[in-house]
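Take a look at the structure set out below.
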Amino acid sequence: MATLHLGQILSFDGSPFDEGHDAAWHERLGGLVVEDGKVLALGPADAMRASHPQAEVVDHGEGLILPGFVDAHAHYPQTGMIASWGKRLIDWLNHYTFPEEMRFADPAYARDVAARYLDLLLAHGTTSVCSYCTIHPASVDALFEAAEARGMRVFAGRTCMDRDTAPEGLRDTAQNAYDESLALLRRWHGTGRASYVITPRFSPTSTVAQLEALGALWAEHPDCLMQTHLSEQTDEIAWVKSLYPSARDYLDTYEAHGLLGAGGLYGHAIHLEPRERDRLREVGAALVHCPTSNTFIGSGLFDMDGLTKEGQVIGLATDTGGGSSFSMLRTMAAAYEIAQLRHRPLHASELLWLATQGSARALRCDDRIGNLAPGMEADFVVLDLASTPAIAQRVAQAETIWEAVFPTIMMGDDRAVASTWVAGRKAAPLG
């Protein structure tokens with residue numbers, strides 16, 4: 001049976017970076033019809049009632065129905081050590097990240113964290129995520145199994161490291177990285193709503209042999225995405241140059257070994273050189289902005305204005321646990337603050353687009369998730385635009401939908417998420 005969701009509705013007809021705020025469609029008294037896990041129709045509430053008289057009605061009152069948030073870069077194994085104090089990238093990895101990731105050798109621990117992580121995402125309105133796992137195959141199985149139980153569309157892969165810059169307990173070999181990644185890909189890619197992502201952590205923790213092996217795997221399975229990190233901090237870039245002295249730049253350490261392409265996801269991408277920007281744009285690769293991480297770890301200011309004007313593909317992400325929040329609302333707020341420091345504030349429509357359709361586009365899945373339109377998968381979130389007294393008193397003065405939603409972007413948290421719906425079903429914590 002179809003379900004008719006009533007409330008305010010906001011969806012996108014295009015990118016506000018290209019078309020301005022008119023790229024968004026807002027219906028004050030709207031209706032969203034869902035059937036068999038997909039959007040059947042949407043429009044004015046009265047019209048939807050008339051055309052679907054048998055539908056079960058769910059009335060969200062003044063709630064704003066949006067596409068579910070899409071987090072394009074995260075590390076679910078870092079859930080337990082989020083908000084760890086005082087380190088920059090390299091020391092942060094050695095002091096906090098690698099010891100925590102070693103714990104995922106225990107499949108039971110991996111299952112516990114995966115369940116907790118996805119429940120946290122759903123509580124914050126995130127319905128899809130692209131995550132790094134650990135070197136342990138069981139960490140990949142745990143995340144995909146937890147996602148399957150919740151009906152979520154999730155992208156993930158086994159993190160590969162074979163250089164002695166990573167600790168012994170988290171190192172493999174080039175051949176082992178290829179073999180175990182291939183086995184996991186065959187097990188999970190395209191199973192239900194799971195997508196396998198080929199995952200070299202970054203070139204400082206992989207040898208040339210491993211990068212070449214993973215480049216070969218990607219060439220054999222070009223329908224998969226490939227995720228890694230790029231130009232996050234200046235001292236990281238200097239480290240890369242010391243390890244790859246013949247490379248033209250950081251990106252070349254990937255490009256020379258088959259790891260640059262349209263399905264590539266390059267996290268951070270803050271300190272890019274002109275050649276790197278040109279090549280990323282030419283191939284249609286995606287850059288993933290991780291604003292709370294960039295400020296928390298002291299990485300730098302992402303050039304959103306310059307990169308969007310160049311025509312780069314850009315997604316938005318929490319980067320938990322380097323990022324300091326599981327919330328895409330908080331992530332949007334941080335993106336706004338960084339853009340202000342770059343002297344080009346982002347509009348509410350641009351922020352919401354980045355957190356939904358923009359990230360889905362980066363994941364090459366914007367024909368299925370990240371928007372509300374007939375035929376799309378029915379992943380959506382209902383926001384309470386007056387979730388706290390501070391937000392409510394500001395919204396009382398709003399004259400447009402953008403003035404009404406912006407305080408929630410800047411000050412909202414999981415209290416603003418009235419409900420989250422995955423494939424047309426209301427999400428509830430599974431533990």
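Ordered as shown in the structure tokens, chains take letters A, B, and onward, while each chain numbers its residues from 1 and ligands are numbered from 1 in the order shown.
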Checklist entry - Any idea what's packed within 9 Å of Gly431 (chain A), counting only C-alpha atoms, ignoring anything in its chain fewer than 4 positions away? Could you give it as an MDAnalysis selection string? => result chainID A and resid 112 115:116 119
Checklist entry - Skipping near chain neighbours, those fewer than 3 positions away, what residues fall within 10 Å of region 267-284 of chain A using only C-alpha atoms, listed as number ranges by chain? => result A: 72-74, 202, 227-234, 237, 248-252, 255, 260-264, 287-291, 293-294, 299-304, 307, 310-317, 319, 362
Find the residues of region 223-268 of chain A that sit at most 12 Å from region 156-168 of chain A; for each, write down the nearest two atoms and how far apart they are in Å, to one decimal. Count only C-alpha atoms. Sort by chain, then by number going up, and give it as a Markdown table.
```
| residue | atom | partner | partner_atom | distance |
| --- | --- | --- | --- | --- |
| A:Cys224 | CA | A:Gly157 | CA | 10.2 |
| A:Leu225 | CA | A:Ala156 | CA | 9.2 |
| A:Met226 | CA | A:Gly157 | CA | 8.8 |
| A:Gln227 | CA | A:Gly157 | CA | 8.5 |
| A:Thr228 | CA | A:Thr159 | CA | 9.2 |
| A:His229 | CA | A:Thr159 | CA | 11.7 |
| A:Trp239 | CA | A:Thr165 | CA | 10.7 |
| A:Val240 | CA | A:Thr165 | CA | 11.4 |
| A:Leu243 | CA | A:Thr165 | CA | 10.2 |
| A:Leu265 | CA | A:Ala156 | CA | 11.9 |
```
Write the residues you've just listed into a file as a compact mmCIF listing (two decimals), in the first residue's frame, and include N, CA and C atoms for each of them.
```
# COMPACT_ATOMS: atom_id res chain seq x y z
N CYS A 224 33.02 -0.03 -9.59
CA CYS A 224 33.24 0.29 -8.18
C CYS A 224 33.81 1.70 -8.05
N LEU A 225 33.55 2.32 -6.91
CA LEU A 225 34.23 3.55 -6.56
C LEU A 225 35.59 3.21 -5.95
N MET A 226 36.46 4.23 -5.90
CA MET A 226 37.75 4.11 -5.22
C MET A 226 37.88 5.33 -4.31
N GLN A 227 38.22 5.11 -3.04
CA GLN A 227 38.33 6.22 -2.10
C GLN A 227 39.73 6.27 -1.49
N THR A 228 40.21 7.49 -1.28
CA THR A 228 41.48 7.69 -0.61
C THR A 228 41.54 9.13 -0.11
N HIS A 229 42.70 9.55 0.37
CA HIS A 229 42.89 10.90 0.90
C HIS A 229 43.87 11.66 0.03
N TRP A 239 55.57 14.87 3.49
CA TRP A 239 55.82 13.45 3.76
C TRP A 239 55.69 12.64 2.47
N VAL A 240 54.63 12.91 1.71
CA VAL A 240 54.41 12.20 0.45
C VAL A 240 55.58 12.45 -0.50
N LEU A 243 58.51 10.32 0.33
CA LEU A 243 58.31 8.90 0.04
C LEU A 243 58.23 8.60 -1.45
N LEU A 265 37.15 9.07 -5.27
CA LEU A 265 36.72 9.97 -4.20
C LEU A 265 37.97 10.38 -3.42
```
Checklist entry - Among region 112-207 of chain A, which residues carry a DSSP assignment of strand (DSSP E or B), reported as a ChimeraX atom specification? => result /A:126-132,153-157,159-160,194-200
Item to check | Contacts of Pro77 (chain A) at 8 Å (only C-alpha atoms; same-chain gap of 5+ positions) as an NGL selection string | outcome: :A and (100-101 or 104 or 110 or 113-114 or 132-134)
Checklist entry - Got a sec to tell me which of region 246-349 of chain A DSSP assigns to helix (DSSP H, G or I), as a ChimeraX atom specification? => result /A:252-255,274-283,291-296,304-310,328-341,348-349
Item to check | Length of the CA of Asp46 (chain A) to CA of Val422 (chain A) vector [Å] | outcome: 24.8 Å
Next on the checklist: I'd like the neighbourhood of region 125-130 of chain A as a ChimeraX atom specification, where a residue qualifies if any of its atoms comes within 6 Å (using only C-alpha atoms), though same-chain residues fewer than 5 positions away should be ignored.
Outcome noted: /A:68-73,153-156,381,420
Residues of the last selection are to be written out with all heavy atoms, as an mmCIF file, in the first residue's frame.
```cif
data_model
loop_
_atom_site.group_PDB
_atom_site.id
_atom_site.type_symbol
_atom_site.label_atom_id
_atom_site.label_comp_id
_atom_site.auth_asym_id
_atom_site.auth_seq_id
_atom_site.Cartn_x
_atom_site.Cartn_y
_atom_site.Cartn_z
ATOM 1 N N GLY A 68 17.186 12.290 2.549
ATOM 2 C CA GLY A 68 18.088 11.869 3.618
ATOM 3 C C GLY A 68 19.495 12.352 3.344
ATOM 4 O O GLY A 68 19.945 12.428 2.192
ATOM 5 N N PHE A 69 20.219 12.697 4.396
ATOM 6 C CA PHE A 69 21.578 13.196 4.227
ATOM 7 C C PHE A 69 22.506 12.076 3.761
ATOM 8 O O PHE A 69 22.349 10.908 4.140
ATOM 9 C CB PHE A 69 22.091 13.794 5.534
ATOM 10 C CG PHE A 69 21.282 14.965 6.020
ATOM 11 C CD1 PHE A 69 20.889 15.050 7.340
ATOM 12 C CD2 PHE A 69 20.900 15.979 5.146
ATOM 13 C CE1 PHE A 69 20.138 16.125 7.797
ATOM 14 C CE2 PHE A 69 20.149 17.062 5.590
ATOM 15 C CZ PHE A 69 19.763 17.134 6.923
ATOM 16 N N VAL A 70 23.482 12.454 2.947
ATOM 17 C CA VAL A 70 24.442 11.512 2.374
ATOM 18 C C VAL A 70 25.837 11.952 2.802
ATOM 19 O O VAL A 70 26.290 13.035 2.440
ATOM 20 C CB VAL A 70 24.331 11.467 0.838
ATOM 21 C CG1 VAL A 70 25.346 10.475 0.261
ATOM 22 C CG2 VAL A 70 22.909 11.107 0.409
ATOM 23 N N ASP A 71 26.512 11.131 3.573
ATOM 24 C CA ASP A 71 27.846 11.409 4.107
ATOM 25 C C ASP A 71 28.862 10.718 3.199
ATOM 26 O O ASP A 71 28.934 9.497 3.151
ATOM 27 C CB ASP A 71 27.923 10.881 5.538
ATOM 28 C CG ASP A 71 29.199 11.269 6.259
ATOM 29 O OD1 ASP A 71 30.162 11.684 5.589
ATOM 30 O OD2 ASP A 71 29.238 11.131 7.497
ATOM 31 N N ALA A 72 29.664 11.514 2.485
ATOM 32 C CA ALA A 72 30.496 10.959 1.414
ATOM 33 C C ALA A 72 31.888 10.505 1.844
ATOM 34 O O ALA A 72 32.653 10.016 1.000
ATOM 35 C CB ALA A 72 30.626 11.984 0.284
ATOM 36 N N HIS A 73 32.225 10.646 3.141
ATOM 37 C CA HIS A 73 33.565 10.219 3.578
ATOM 38 C C HIS A 73 33.547 10.094 5.097
ATOM 39 O O HIS A 73 33.373 11.089 5.810
ATOM 40 C CB HIS A 73 34.605 11.264 3.141
ATOM 41 C CG HIS A 73 36.018 10.984 3.576
ATOM 42 N ND1 HIS A 73 37.020 10.662 2.686
ATOM 43 C CD2 HIS A 73 36.605 11.003 4.796
ATOM 44 C CE1 HIS A 73 38.158 10.505 3.339
ATOM 45 N NE2 HIS A 73 37.933 10.703 4.632
ATOM 46 N N ARG A 153 21.469 2.231 2.160
ATOM 47 C CA ARG A 153 22.427 2.186 1.057
ATOM 48 C C ARG A 153 23.767 2.664 1.589
ATOM 49 O O ARG A 153 23.918 3.828 1.978
ATOM 50 C CB ARG A 153 21.970 3.045 -0.124
ATOM 51 C CG ARG A 153 22.951 3.002 -1.297
ATOM 52 C CD ARG A 153 22.385 3.581 -2.573
ATOM 53 N NE ARG A 153 21.344 2.738 -3.150
ATOM 54 C CZ ARG A 153 21.547 1.594 -3.818
ATOM 55 N NH1 ARG A 153 22.794 1.136 -3.979
ATOM 56 N NH2 ARG A 153 20.537 0.910 -4.310
ATOM 57 N N VAL A 154 24.753 1.771 1.590
ATOM 58 C CA VAL A 154 26.052 2.061 2.184
ATOM 59 C C VAL A 154 27.165 1.669 1.210
ATOM 60 O O VAL A 154 27.077 0.650 0.519
ATOM 61 C CB VAL A 154 26.207 1.324 3.535
ATOM 62 C CG1 VAL A 154 27.658 1.294 3.995
ATOM 63 C CG2 VAL A 154 25.352 1.999 4.601
ATOM 64 N N PHE A 155 28.204 2.488 1.183
ATOM 65 C CA PHE A 155 29.389 2.294 0.364
ATOM 66 C C PHE A 155 30.564 2.098 1.331
ATOM 67 O O PHE A 155 30.748 2.899 2.252
ATOM 68 C CB PHE A 155 29.656 3.527 -0.500
ATOM 69 C CG PHE A 155 28.481 3.978 -1.331
ATOM 70 C CD1 PHE A 155 27.407 4.642 -0.740
ATOM 71 C CD2 PHE A 155 28.451 3.760 -2.700
ATOM 72 C CE1 PHE A 155 26.324 5.064 -1.502
ATOM 73 C CE2 PHE A 155 27.370 4.187 -3.463
ATOM 74 C CZ PHE A 155 26.308 4.830 -2.861
ATOM 75 N N ALA A 156 31.374 1.075 1.130
ATOM 76 C CA ALA A 156 32.461 0.829 2.080
ATOM 77 C C ALA A 156 33.492 -0.112 1.477
ATOM 78 O O ALA A 156 33.209 -0.830 0.513
ATOM 79 C CB ALA A 156 31.919 0.238 3.389
ATOM 80 N N VAL A 381 14.398 12.560 5.476
ATOM 81 C CA VAL A 381 14.433 12.988 6.862
ATOM 82 C C VAL A 381 13.381 14.065 7.052
ATOM 83 O O VAL A 381 13.101 14.841 6.134
ATOM 84 C CB VAL A 381 15.838 13.499 7.245
ATOM 85 C CG1 VAL A 381 16.272 14.675 6.372
ATOM 86 C CG2 VAL A 381 15.913 13.876 8.708
ATOM 87 N N THR A 420 13.512 9.739 10.661
ATOM 88 C CA THR A 420 14.327 9.362 9.507
ATOM 89 C C THR A 420 13.688 8.148 8.856
ATOM 90 O O THR A 420 13.285 7.201 9.550
ATOM 91 C CB THR A 420 15.767 9.033 9.942
ATOM 92 O OG1 THR A 420 16.328 10.143 10.655
ATOM 93 C CG2 THR A 420 16.640 8.720 8.744
#
```
Item to check | Separation of CA of Leu66 (chain A) from CA of Ala360 (chain A) in Å | outcome: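 CA of Leu66 (chain A) lies 13.9 Å from CA of Ala360 (chain A).
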Can you list, as a short mmCIF file (atom, residue, chain, number, x, y, z; two decimals) with all heavy atoms, in the first residue's frame, every protein, DNA or RNA residue that comes within 8 Å of region 95-99 of chain A when you count only C-alpha atoms, leaving out same-chain residues fewer than 2 positions away?
```
data_model
loop_
_atom_site.label_atom_id
_atom_site.label_comp_id
_atom_site.auth_asym_id
_atom_site.auth_seq_id
_atom_site.Cartn_x
_atom_site.Cartn_y
_atom_site.Cartn_z
N GLN A 78 36.43 4.65 13.70
CA GLN A 78 36.88 5.70 14.60
C GLN A 78 35.75 6.24 15.47
O GLN A 78 35.94 7.23 16.18
CB GLN A 78 37.52 6.83 13.79
CG GLN A 78 38.76 6.40 13.03
CD GLN A 78 39.34 7.49 12.14
OE1 GLN A 78 39.04 8.67 12.30
NE2 GLN A 78 40.16 7.09 11.19
N MET A 81 36.66 6.79 19.19
CA MET A 81 37.67 7.75 19.60
C MET A 81 37.44 9.12 18.97
O MET A 81 38.36 9.94 18.87
CB MET A 81 39.09 7.24 19.31
CG MET A 81 39.28 6.45 18.03
SD MET A 81 39.36 7.40 16.49
CE MET A 81 40.73 8.47 16.77
N SER A 84 38.99 13.26 20.06
CA SER A 84 40.22 13.01 20.83
C SER A 84 41.12 14.24 20.71
O SER A 84 41.30 14.79 19.62
CB SER A 84 40.94 11.77 20.29
OG SER A 84 40.17 10.61 20.52
N ASP A 91 50.40 12.47 13.89
CA ASP A 91 50.41 12.05 15.29
C ASP A 91 49.05 11.52 15.71
O ASP A 91 48.95 10.59 16.52
CB ASP A 91 50.81 13.22 16.20
CG ASP A 91 52.28 13.57 16.05
OD1 ASP A 91 53.05 12.70 15.60
OD2 ASP A 91 52.65 14.70 16.37
N TRP A 92 47.99 12.13 15.18
CA TRP A 92 46.62 11.71 15.51
C TRP A 92 46.38 10.26 15.06
O TRP A 92 45.81 9.45 15.79
CB TRP A 92 45.64 12.68 14.85
CG TRP A 92 44.22 12.53 15.22
CD1 TRP A 92 43.58 13.05 16.30
CD2 TRP A 92 43.23 11.81 14.48
NE1 TRP A 92 42.25 12.69 16.28
CE2 TRP A 92 42.01 11.94 15.18
CE3 TRP A 92 43.25 11.07 13.30
CZ2 TRP A 92 40.84 11.36 14.73
CZ3 TRP A 92 42.08 10.48 12.85
CH2 TRP A 92 40.89 10.63 13.58
N LEU A 93 46.87 9.93 13.86
CA LEU A 93 46.74 8.56 13.37
C LEU A 93 47.49 7.59 14.28
O LEU A 93 46.96 6.55 14.68
CB LEU A 93 47.27 8.46 11.94
CG LEU A 93 46.44 9.09 10.83
CD1 LEU A 93 47.23 9.12 9.52
CD2 LEU A 93 45.13 8.35 10.63
N GLU A 101 41.88 0.99 15.57
CA GLU A 101 41.58 0.10 14.44
C GLU A 101 42.08 -1.32 14.69
O GLU A 101 41.51 -2.28 14.15
CB GLU A 101 42.16 0.68 13.16
CG GLU A 101 41.42 1.94 12.69
CD GLU A 101 41.77 2.37 11.29
OE1 GLU A 101 42.59 1.68 10.63
OE2 GLU A 101 41.21 3.38 10.83
N MET A 102 43.13 -1.49 15.48
CA MET A 102 43.61 -2.84 15.79
C MET A 102 42.55 -3.65 16.53
O MET A 102 42.51 -4.88 16.43
CB MET A 102 44.89 -2.77 16.62
CG MET A 102 46.11 -2.32 15.84
SD MET A 102 47.60 -2.39 16.85
CE MET A 102 48.80 -1.65 15.74
N ARG A 103 41.67 -2.99 17.25
CA ARG A 103 40.63 -3.70 18.00
C ARG A 103 39.64 -4.40 17.08
O ARG A 103 38.90 -5.29 17.52
CB ARG A 103 39.90 -2.72 18.93
CG ARG A 103 40.80 -2.03 19.95
CD ARG A 103 40.02 -1.10 20.86
NE ARG A 103 39.14 -1.85 21.76
CZ ARG A 103 38.30 -1.28 22.61
NH1 ARG A 103 38.21 0.04 22.68
NH2 ARG A 103 37.54 -2.03 23.39
N ALA A 166 52.74 2.35 8.64
CA ALA A 166 51.61 1.85 9.43
C ALA A 166 52.13 0.79 10.40
O ALA A 166 53.13 0.12 10.13
CB ALA A 166 50.55 1.25 8.52
N PRO A 167 51.48 0.63 11.55
CA PRO A 167 51.96 -0.35 12.54
C PRO A 167 51.80 -1.78 12.03
O PRO A 167 50.96 -2.07 11.19
CB PRO A 167 51.08 -0.08 13.75
CG PRO A 167 49.85 0.56 13.21
CD PRO A 167 50.28 1.36 12.03
N LEU A 170 48.48 -3.60 11.50
CA LEU A 170 47.55 -3.11 10.49
C LEU A 170 48.14 -3.14 9.08
O LEU A 170 47.62 -2.49 8.17
CB LEU A 170 47.11 -1.67 10.83
CG LEU A 170 46.25 -1.50 12.08
CD1 LEU A 170 45.97 -0.03 12.34
CD2 LEU A 170 44.93 -2.27 11.95
#
```
Checklist entry - Separation of CA of Ala373 (chain A) and CA of Ala41 (chain A), in Å? => result 7.0 Å
